[in-house]
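**Q** Please see the structure below; I have some questions.
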Amino acid sequence: MKSFFDEGRLFTGINYWESKSAINMWESFNEDIIDSDFKKLSEAGITILRVFPIWSVFQPLNAIRDNFGVIEYRLGEQPLPDTEAGRAGVDEAACEKFEIMCKKAEKYNLKLIVGLLTGHMSGRYYAPPAFSGRNPISDPTLVKWEIRFIRYFVDRMKKFDAIAGWDLGNECCGFTPVDGFDNNDVSYVWQSVIADTIKLSDSNHPVISGYDVMPVAGGAFNALELGEAVDINTTHPYTFFADFKDPLVSMRPILEGAFKCRLYGDISKTPTFIQEVGSIGYTTCSRETEAMFYRALLYSSWANNCLGVMWWCAFDQDNIEYAPYDFNNIGSEYGFFKNDGEAKPIVKENIKFREFTEKLPFDKLPPAITDAVCIIPKVTEENYMGVLRSTYSLAKQADINLGFAYADLPLPESDIYIMPSIDTTRAITRYRLVELLERVKNGATLYLSVGSAQFRWFDRLSGLDIAYREGINDYETIFIDGERLTLKPDFKYVAEKCSAEVIASSEDGRPVFVKNKYGKGYIFASTIPVEKCLINQNDVFNREESQKFSKWYTSLKSENSNKRVLKISAQMLCVTEHILDKNSRYAVIVNYSKETINSNIEIARDWKIDEVYMGDISGDMLTLKACDAAVIKLVKEV
């Protein structure tokens, strides 16, 4: 299989609509404008474009009806031609335009990801006239015609060297016009049929999900089942739509892409990249802070095993007067370039990143060391994505690089397991919990925080005998490691007995976070679901006081579980280490804040810095500018 997608190399791409006509580019086709656009994008360091054959344009089927229903399908008023394209209901003139675009891409050494079924775009639904208002996921008539379109289109276009891969379509989890669609069996069948149809027509290019957001398990288009259908997964981590309101140039927004890639990649067992991301406009940032965000996003994504980053989108569309742009204010100013082709500051950042990575003496960045695994409950509550985001951010600030696993599947080997803010009574089965506890008996660490859940054997696991719990409406004052913090859990747990070591206690002396010996390992138990408590606290990971919450996670680390050789004192600087061989490794340090940070660095005994590829390091002091990164090589002294 040909693949442009290679782990360890971060590609930088962009979602493309023609600069003058945008979604109407196929009806107002102008190859000179496309040529000019592609030249600009290539010069901006872009290597891959995502393009969209609009469904209603490329398969413009019209239903001819009588009083009893559909008699036949036609192209406008004309019967379907007796050709392969005609039998597929495809407009050959539209395909000829697409072929011209492919040749233009080859001219500028650009690769193309093709969003095959693009019916949903920028808040408007583009179905063929015959299928308006019908469900393209569950309606068998629509699925039949989708199969015919894909067979013809993929078979015709696969010959072009520009083709990098095939999306199932654009954000197909939002494809259906029917409210409340949440049937994972229907979505499973649909994505399997569409993916298999692509593979039968072209076995040389990967099938890509094209999905934006998805549940981990259960519900339509979940990550757990997606890996059975596609080769590569995607995420569209727009922080504008997230449940936190932090400044764009701060930890959670910058980290969101890496978090989603790691989460969806680990659960789907497929490589994952950021296929759409953007600031969405200039009420949330300036063009300068947008560029700062993008710079940090690139280094964060590269360091955290993402395949690539694709901005939405190539050109501003604030000059377009037709729907959806006239009613959708989000569909406006979000390009690399203004509508007149003027480059924004973000373009310079993209060029700098490409130049830097291409000059490095190594071709690929090895995968980052994983220090701990977060176990996702078998049944999750609606807001659990926020819990997982908090978990990932707290772990980063505690210098723990986190992976993910699903509680109903075999658990990966790890020194540390984290089960955060459990609110469901069906978090993990008995047999999987026994498997996990065997790992702890043999020396692993388990962290467990509970919200409203009943958790099996909690007293013997935690060392806390709970007398009772009661709902509370006020903030709790917590003391941990000499620090005074405030949190607002749903419940107060009162223990009548504690046989464990107390790490944190309430103002009235109740143990709320404890460490309990379990075989050769330890179980850390918290009756404060700190991850859930931080979901809606705005800017929580950027204030000095709030950064102290990571003490819940720094408590988990021990000398025998720490595989790292580089430590940073500043919590807004996050480190990943990438093993080259037993005597050498790379480290990437990213500043997740809008301020320049000076930090002490500590290197393990018998190790030293061999090369500084990027960053200002003097002795044991690192100076890192806002939203910037340092890249170094460490070697073992022998």
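Chain labels run A, B, ... following the order of the structure tokens; each chain numbers its residues from 1, and ligands are numbered from 1 in the order shown.
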Tell me which protein, DNA and RNA residues are within 6 Å of stretch 128-145 of chain A, counting only C-alpha atoms, leaving out same-chain ones fewer than 6 positions away, and put them as a list in words.
**A** Ser56, Pro60, Leu61, Asn62, Ala63 and Thr176 of chain A
**Q** May I have the selected residues written with all heavy atoms, as a PDB file, in the first residue's frame?
**A**
```pdb
ATOM      1  N   SER A  56     -23.586  16.473  -4.212  1.00  0.00           N
ATOM      2  CA  SER A  56     -24.689  16.928  -5.063  1.00  0.00           C
ATOM      3  C   SER A  56     -24.213  17.346  -6.452  1.00  0.00           C
ATOM      4  O   SER A  56     -25.014  17.388  -7.397  1.00  0.00           O
ATOM      5  CB  SER A  56     -25.413  18.106  -4.403  1.00  0.00           C
ATOM      6  OG  SER A  56     -24.518  19.183  -4.165  1.00  0.00           O
ATOM      7  N   PRO A  60     -25.361  14.077  -9.277  1.00  0.00           N
ATOM      8  CA  PRO A  60     -26.528  14.969  -9.193  1.00  0.00           C
ATOM      9  C   PRO A  60     -27.841  14.287  -9.592  1.00  0.00           C
ATOM     10  O   PRO A  60     -28.545  14.735 -10.507  1.00  0.00           O
ATOM     11  CB  PRO A  60     -26.155  16.087 -10.155  1.00  0.00           C
ATOM     12  CG  PRO A  60     -25.347  15.404 -11.205  1.00  0.00           C
ATOM     13  CD  PRO A  60     -24.571  14.329 -10.500  1.00  0.00           C
ATOM     14  N   LEU A  61     -28.164  13.220  -8.921  1.00  0.00           N
ATOM     15  CA  LEU A  61     -29.339  12.430  -9.283  1.00  0.00           C
ATOM     16  C   LEU A  61     -30.636  13.174  -8.984  1.00  0.00           C
ATOM     17  O   LEU A  61     -30.786  13.794  -7.929  1.00  0.00           O
ATOM     18  CB  LEU A  61     -29.332  11.102  -8.533  1.00  0.00           C
ATOM     19  CG  LEU A  61     -28.238  10.112  -8.957  1.00  0.00           C
ATOM     20  CD1 LEU A  61     -28.173   8.946  -7.972  1.00  0.00           C
ATOM     21  CD2 LEU A  61     -28.485   9.606 -10.366  1.00  0.00           C
ATOM     22  N   ASN A  62     -31.551  13.082  -9.921  1.00  0.00           N
ATOM     23  CA  ASN A  62     -32.886  13.655  -9.765  1.00  0.00           C
ATOM     24  C   ASN A  62     -33.893  12.511  -9.810  1.00  0.00           C
ATOM     25  O   ASN A  62     -33.816  11.627 -10.666  1.00  0.00           O
ATOM     26  CB  ASN A  62     -33.171  14.648 -10.904  1.00  0.00           C
ATOM     27  CG  ASN A  62     -34.509  15.339 -10.728  1.00  0.00           C
ATOM     28  OD1 ASN A  62     -34.907  15.644  -9.614  1.00  0.00           O
ATOM     29  ND2 ASN A  62     -35.190  15.589 -11.835  1.00  0.00           N
ATOM     30  N   ALA A  63     -34.824  12.480  -8.885  1.00  0.00           N
ATOM     31  CA  ALA A  63     -35.831  11.421  -8.840  1.00  0.00           C
ATOM     32  C   ALA A  63     -37.040  11.815  -9.693  1.00  0.00           C
ATOM     33  O   ALA A  63     -37.633  12.877  -9.491  1.00  0.00           O
ATOM     34  CB  ALA A  63     -36.257  11.166  -7.401  1.00  0.00           C
ATOM     35  N   THR A 176     -25.823  12.708   8.846  1.00  0.00           N
ATOM     36  CA  THR A 176     -27.257  12.433   8.780  1.00  0.00           C
ATOM     37  C   THR A 176     -28.091  13.653   9.137  1.00  0.00           C
ATOM     38  O   THR A 176     -27.795  14.352  10.102  1.00  0.00           O
ATOM     39  CB  THR A 176     -27.628  11.272   9.703  1.00  0.00           C
ATOM     40  OG1 THR A 176     -29.045  11.178   9.792  1.00  0.00           O
ATOM     41  CG2 THR A 176     -27.062  11.455  11.097  1.00  0.00           C
TER      42      THR A 176
END
```
**Q** Env of A:Ile369: 8 Å cut, atoms = only C-alpha atoms, seq-sep filter 4 positions within chain, self excluded. Answer as a ChimeraX atom specification.
**A** /A:401,563,576-579
**Q** Dump N, CA, C and O atoms for the selected residues as a short mmCIF file (atom, residue, chain, number, x, y, z; two decimals), in the first residue's frame?
**A**
```
data_model
loop_
_atom_site.label_atom_id
_atom_site.label_comp_id
_atom_site.auth_asym_id
_atom_site.auth_seq_id
_atom_site.Cartn_x
_atom_site.Cartn_y
_atom_site.Cartn_z
N ASN A 401 3.69 10.89 30.58
CA ASN A 401 3.14 10.79 29.23
C ASN A 401 2.13 9.64 29.21
O ASN A 401 2.46 8.49 29.50
N LYS A 563 11.09 6.06 33.60
CA LYS A 563 12.00 5.70 32.51
C LYS A 563 12.70 6.93 31.93
O LYS A 563 13.45 6.83 30.98
N THR A 576 8.64 15.24 26.25
CA THR A 576 8.52 13.87 25.77
C THR A 576 9.92 13.37 25.46
O THR A 576 10.77 14.13 24.99
N GLU A 577 10.17 12.10 25.74
CA GLU A 577 11.45 11.49 25.43
C GLU A 577 11.24 10.36 24.43
O GLU A 577 10.26 9.61 24.51
N HIS A 578 12.18 10.25 23.50
CA HIS A 578 12.03 9.36 22.36
C HIS A 578 13.30 8.53 22.22
O HIS A 578 14.37 9.05 21.86
N ILE A 579 13.21 7.26 22.53
CA ILE A 579 14.39 6.39 22.60
C ILE A 579 14.88 6.03 21.20
O ILE A 579 14.13 5.48 20.39
#
```
**Q** Give me the residues within 9 Å of stretch 459-463 of chain A as a short mmCIF file (atom, residue, chain, number, x, y, z; two decimals) with N, CA and C atoms, in the first residue's frame, counting only C-alpha atoms and dropping any in the same chain fewer than 2 places off.
**A**
```
data_model
loop_
_atom_site.label_atom_id
_atom_site.label_comp_id
_atom_site.auth_asym_id
_atom_site.auth_seq_id
_atom_site.Cartn_x
_atom_site.Cartn_y
_atom_site.Cartn_z
N LEU A 448 -6.98 5.49 41.50
CA LEU A 448 -8.43 5.43 41.35
C LEU A 448 -9.06 6.62 42.05
N ARG A 456 -16.25 -1.89 43.23
CA ARG A 456 -16.04 -3.18 43.89
C ARG A 456 -14.78 -3.17 44.77
N TRP A 457 -14.94 -3.70 46.01
CA TRP A 457 -13.83 -3.89 46.94
C TRP A 457 -13.12 -2.58 47.30
N ASP A 465 -12.38 2.67 55.15
CA ASP A 465 -13.70 2.13 55.47
C ASP A 465 -14.66 3.31 55.54
N ILE A 466 -15.54 3.42 54.55
CA ILE A 466 -16.44 4.57 54.44
C ILE A 466 -17.63 4.39 55.38
N LYS A 497 -12.59 4.59 59.35
CA LYS A 497 -11.30 3.99 59.62
C LYS A 497 -10.41 4.17 58.40
N CYS A 498 -9.13 4.43 58.61
CA CYS A 498 -8.17 4.55 57.51
C CYS A 498 -6.89 3.83 57.89
N SER A 499 -6.57 2.80 57.13
CA SER A 499 -5.33 2.04 57.37
C SER A 499 -4.25 2.40 56.36
N ALA A 500 -4.53 3.35 55.47
CA ALA A 500 -3.60 3.74 54.41
C ALA A 500 -2.85 5.01 54.80
N GLU A 501 -1.79 5.28 54.05
CA GLU A 501 -1.05 6.54 54.23
C GLU A 501 -1.86 7.69 53.64
N VAL A 514 -5.36 8.81 49.49
CA VAL A 514 -4.54 7.93 50.30
C VAL A 514 -3.70 7.00 49.41
N LYS A 515 -2.67 6.42 50.01
CA LYS A 515 -1.78 5.47 49.35
C LYS A 515 -1.79 4.18 50.15
N ASN A 516 -2.18 3.08 49.49
CA ASN A 516 -2.36 1.82 50.19
C ASN A 516 -1.47 0.74 49.57
N LYS A 517 -0.69 0.06 50.39
CA LYS A 517 0.15 -1.03 49.91
C LYS A 517 -0.72 -2.18 49.44
N TYR A 518 -0.38 -2.75 48.27
CA TYR A 518 -1.16 -3.87 47.73
C TYR A 518 -0.19 -4.83 47.05
N ILE A 523 -1.91 1.15 45.62
CA ILE A 523 -3.15 1.70 45.09
C ILE A 523 -3.34 3.07 45.72
N PHE A 524 -3.44 4.08 44.87
CA PHE A 524 -3.74 5.44 45.30
C PHE A 524 -5.23 5.67 45.07
N ALA A 525 -5.93 6.06 46.11
CA ALA A 525 -7.39 6.25 46.01
C ALA A 525 -7.76 7.65 46.46
N SER A 526 -8.59 8.29 45.64
CA SER A 526 -9.04 9.65 45.95
C SER A 526 -10.56 9.69 45.98
#
```
**Q** Run DSSP on the backbone and grab whatever in stretch 256-498 of chain A lands in helix (DSSP H, G or I); send it over as a PyMOL selection string.
**A** chain A and resi 256-268+287-303+345-359+384-397+430-441+458-462
**Q** Which is closest to A:Leu297 among A:Cys627, A:Val450, A:Leu634, A:Leu487, if we use only C-alpha atoms?
**A** A:Cys627
**Q** So which one's closest to A:Lys548, A:Val193, A:Val512, A:Ala314, A:Ala570? Using only C-alpha atoms, please.
**A**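 Of A:Val193, A:Val512, A:Ala314, A:Ala570, the one nearest A:Lys548, counting only C-alpha atoms, is A:Ala570.
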**Q** Just checking: using only C-alpha atoms, which residue out of A:Ile632, A:Cys574, A:Ile375, A:Ala85 ends up closest to A:Ala427?
**A**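 The answer is A:Ile375, which sits nearest to A:Ala427.
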**Q** Could you pull out the residues in stretch 376-613 of chain A that DSSP calls strand (DSSP E or B) from the backbone, as a PyMOL selection string?
**A** chain A and resi 376+402-406+416-422+445-450+464-471+476-480+483-487+491-498+501-506+511-518+521-526+566-568+573-581+584-591+597-603+607-613
**Q** For the atom pair atom CA of A:Ala405 and atom CA of A:Tyr447, what is the interatomic distance in Å to one decimal place?
**A**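 Straight-line distance from atom CA of A:Ala405 to atom CA of A:Tyr447 works out to 14.4 Å.
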**Q** To one decimal place in Å, what is the distance between atom CA of A:Gly509 and atom CA of A:Phe458?
**A**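 According to the coordinates, atom CA of A:Gly509 and atom CA of A:Phe458 are separated by 20.4 Å.
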**Q** Point out the residue among A:Asp196, A:Asp326, A:Glu476, A:Asp539 with the least atom-to-atom distance to A:Tyr493, counting only C-alpha atoms.
**A**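 Selected residue with least distance to A:Tyr493: A:Glu476.
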**Q** Report, in Å with one decimal, the straight-line distance from atom CA of A:Leu624 to atom CA of A:Tyr334.
**A**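 Spanning atom CA of A:Leu624 to atom CA of A:Tyr334 is a straight-line distance of 27.8 Å.
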**Q** Name the residues in contact with stretch 337-350 of chain A at a cut-off of 7 Å, using only C-alpha atoms, excluding same-chain residues fewer than 3 positions from it; report them as a PyMOL selection string.
**A** chain A and resi 19+44-45+287-288+290-291+294-295+314-317+319+353-354
**Q** If we count only C-alpha atoms and set the cut-off at 12 Å, which residues sit around A:Glu84, ignoring sequence neighbours fewer than 2 positions away in its own chain? Please answer as a list in words.
**A**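 Here the answer would be Leu80, Pro81, Asp82, Gly86, Arg87, Ala88, Gly89, Val90, Asp91, Glu92, Arg148, Phe149, Arg151, Tyr152, Phe153, Asp155 and Arg156 of chain A.
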